[in-house]
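A short worksheet on the structure shown next.
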Amino acid sequence: MSDRFNDATSLQETNDKDEARFLRVDKVKFQGCKLTEGELYEIKRYYGNELVFEDTGEMFVIDDEGKENYSALLLCKTTLYK
């Protein structure tokens with residue numbers, strides 16, 4: 001499955017970060033985010049930090065440079081989808 005998607009028509013918006021499977025970048029607020037506005041990214045989860053994230057895992061996406069980006073929710077205005 002690809003890390004980037006262009007079609008959100010079959011997805012449903014959600015505000016719950018734990019059930020979200022994709023995020024769309026609506027606006028990049030800060031330089032260095034390395035995500036493209038308007039693109040849809042698959043959400044992945046890192047489960048190595050159980051003390052902080054317990055069962056849900058830490059959310060990240062693979063950015064345009066192929067690197068793990070844990071700061072998308074902080075540096076960009078996003079819409080979450082399930």
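Chain lettering (A, B, ...) mirrors the order of the structure tokens, residue numbering begins at 1 for each chain separately, and ligand numbering begins at 1 in order of display.
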
* Looking only at the backbone, which of the residues in chain A does DSSP tag as strand (DSSP E), as a ChimeraX atom specification? -> /A:4-5,13-14,22-28,40-42,44-46,58-62,68-69,76-81

* For Arg45 in chain A, work out the shell of residues within 10 Å, counting only C-alpha atoms and skipping chain neighbours fewer than 6 positions away, then give it as number ranges by chain. => A: 18, 21, 53, 56-61, 70

* **Residue with smallest distance to Leu74 in chain A - pool A:Ile43, A:Leu11, A:Ala20, A:Val28, counting only C-alpha atoms** =>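 Among A:Ile43, A:Leu11, A:Ala20, A:Val28, it is A:Val28 that comes nearest to Leu74 in chain A.
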
* Asked: Pick the closest to Tyr46 in chain A from A:Glu68, A:Lys27, A:Thr79, A:Lys34: which is it, counting only C-alpha atoms?
  -> A:Glu68

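The residue that comes closest to Cys33 in chain A, out of A:Asp64, A:Ser10, A:Gly48, A:Glu54 and on the basis of only C-alpha atoms, is A:Asp64.
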
* Separation of CA of Leu40 in chain A and CA of Leu75 in chain A, in Å? -> 15.5 Å

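Each of A:Glu19, A:Glu42, A:Asp26, A:Glu37 was checked against Asp55 in chain A using only C-alpha atoms; the smallest atom-to-atom distance is that of A:Glu19.
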
* **Polymer residues at most 7 Å from Thr14 in chain A, only C-alpha atoms, same-chain spacing of 4 or more positions, as a PyMOL selection string** => chain A and resi 20+80-82

* Nearest to Glu13 in chain A by atom-to-atom distance, counting only C-alpha atoms, from A:Lys44, A:Thr78, A:Gly32, A:Asn49 -> A:Thr78

* Return the single residue from A:Thr9, A:Tyr41, A:Thr36, A:Tyr47 that is closest to Phe22 in chain A, with distances computed using only C-alpha atoms. => A:Tyr41

* To do: Could you find all residues in chain A that DSSP calls alpha helix (DSSP H) from the backbone, and write them as a PyMOL selection string?
  => chain A and resi 50-53+72-75

Which residues, written as a PDB file with N, CA, C and O atoms, in the first residue's frame, have at least one atom at most 6 Å from Asp63 in chain A, with only C-alpha atoms counted and residues fewer than 4 positions away on the same chain left out?
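Okay, this is what ended up in out31.pdb:
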ATOM      1  N   LYS A  34       8.188  19.268   5.227  1.00  0.00           N
ATOM      2  CA  LYS A  34       8.425  18.311   4.139  1.00  0.00           C
ATOM      3  C   LYS A  34       7.188  17.501   3.765  1.00  0.00           C
ATOM      4  O   LYS A  34       7.269  16.344   3.388  1.00  0.00           O
ATOM      5  N   LEU A  35       6.018  18.120   3.906  1.00  0.00           N
ATOM      6  CA  LEU A  35       4.766  17.522   3.458  1.00  0.00           C
ATOM      7  C   LEU A  35       4.130  18.464   2.455  1.00  0.00           C
ATOM      8  O   LEU A  35       4.349  19.672   2.495  1.00  0.00           O
ATOM      9  N   LYS A  67      11.154  10.090   4.905  1.00  0.00           N
ATOM     10  CA  LYS A  67      11.534  10.000   6.320  1.00  0.00           C
ATOM     11  C   LYS A  67      10.296   9.990   7.206  1.00  0.00           C
ATOM     12  O   LYS A  67       9.253  10.519   6.841  1.00  0.00           O
ATOM     13  N   ASN A  69       7.904  11.297   9.867  1.00  0.00           N
ATOM     14  CA  ASN A  69       7.566  12.643  10.324  1.00  0.00           C
ATOM     15  C   ASN A  69       6.557  12.526  11.461  1.00  0.00           C
ATOM     16  O   ASN A  69       5.399  12.178  11.245  1.00  0.00           O
TER      17      ASN A  69
END
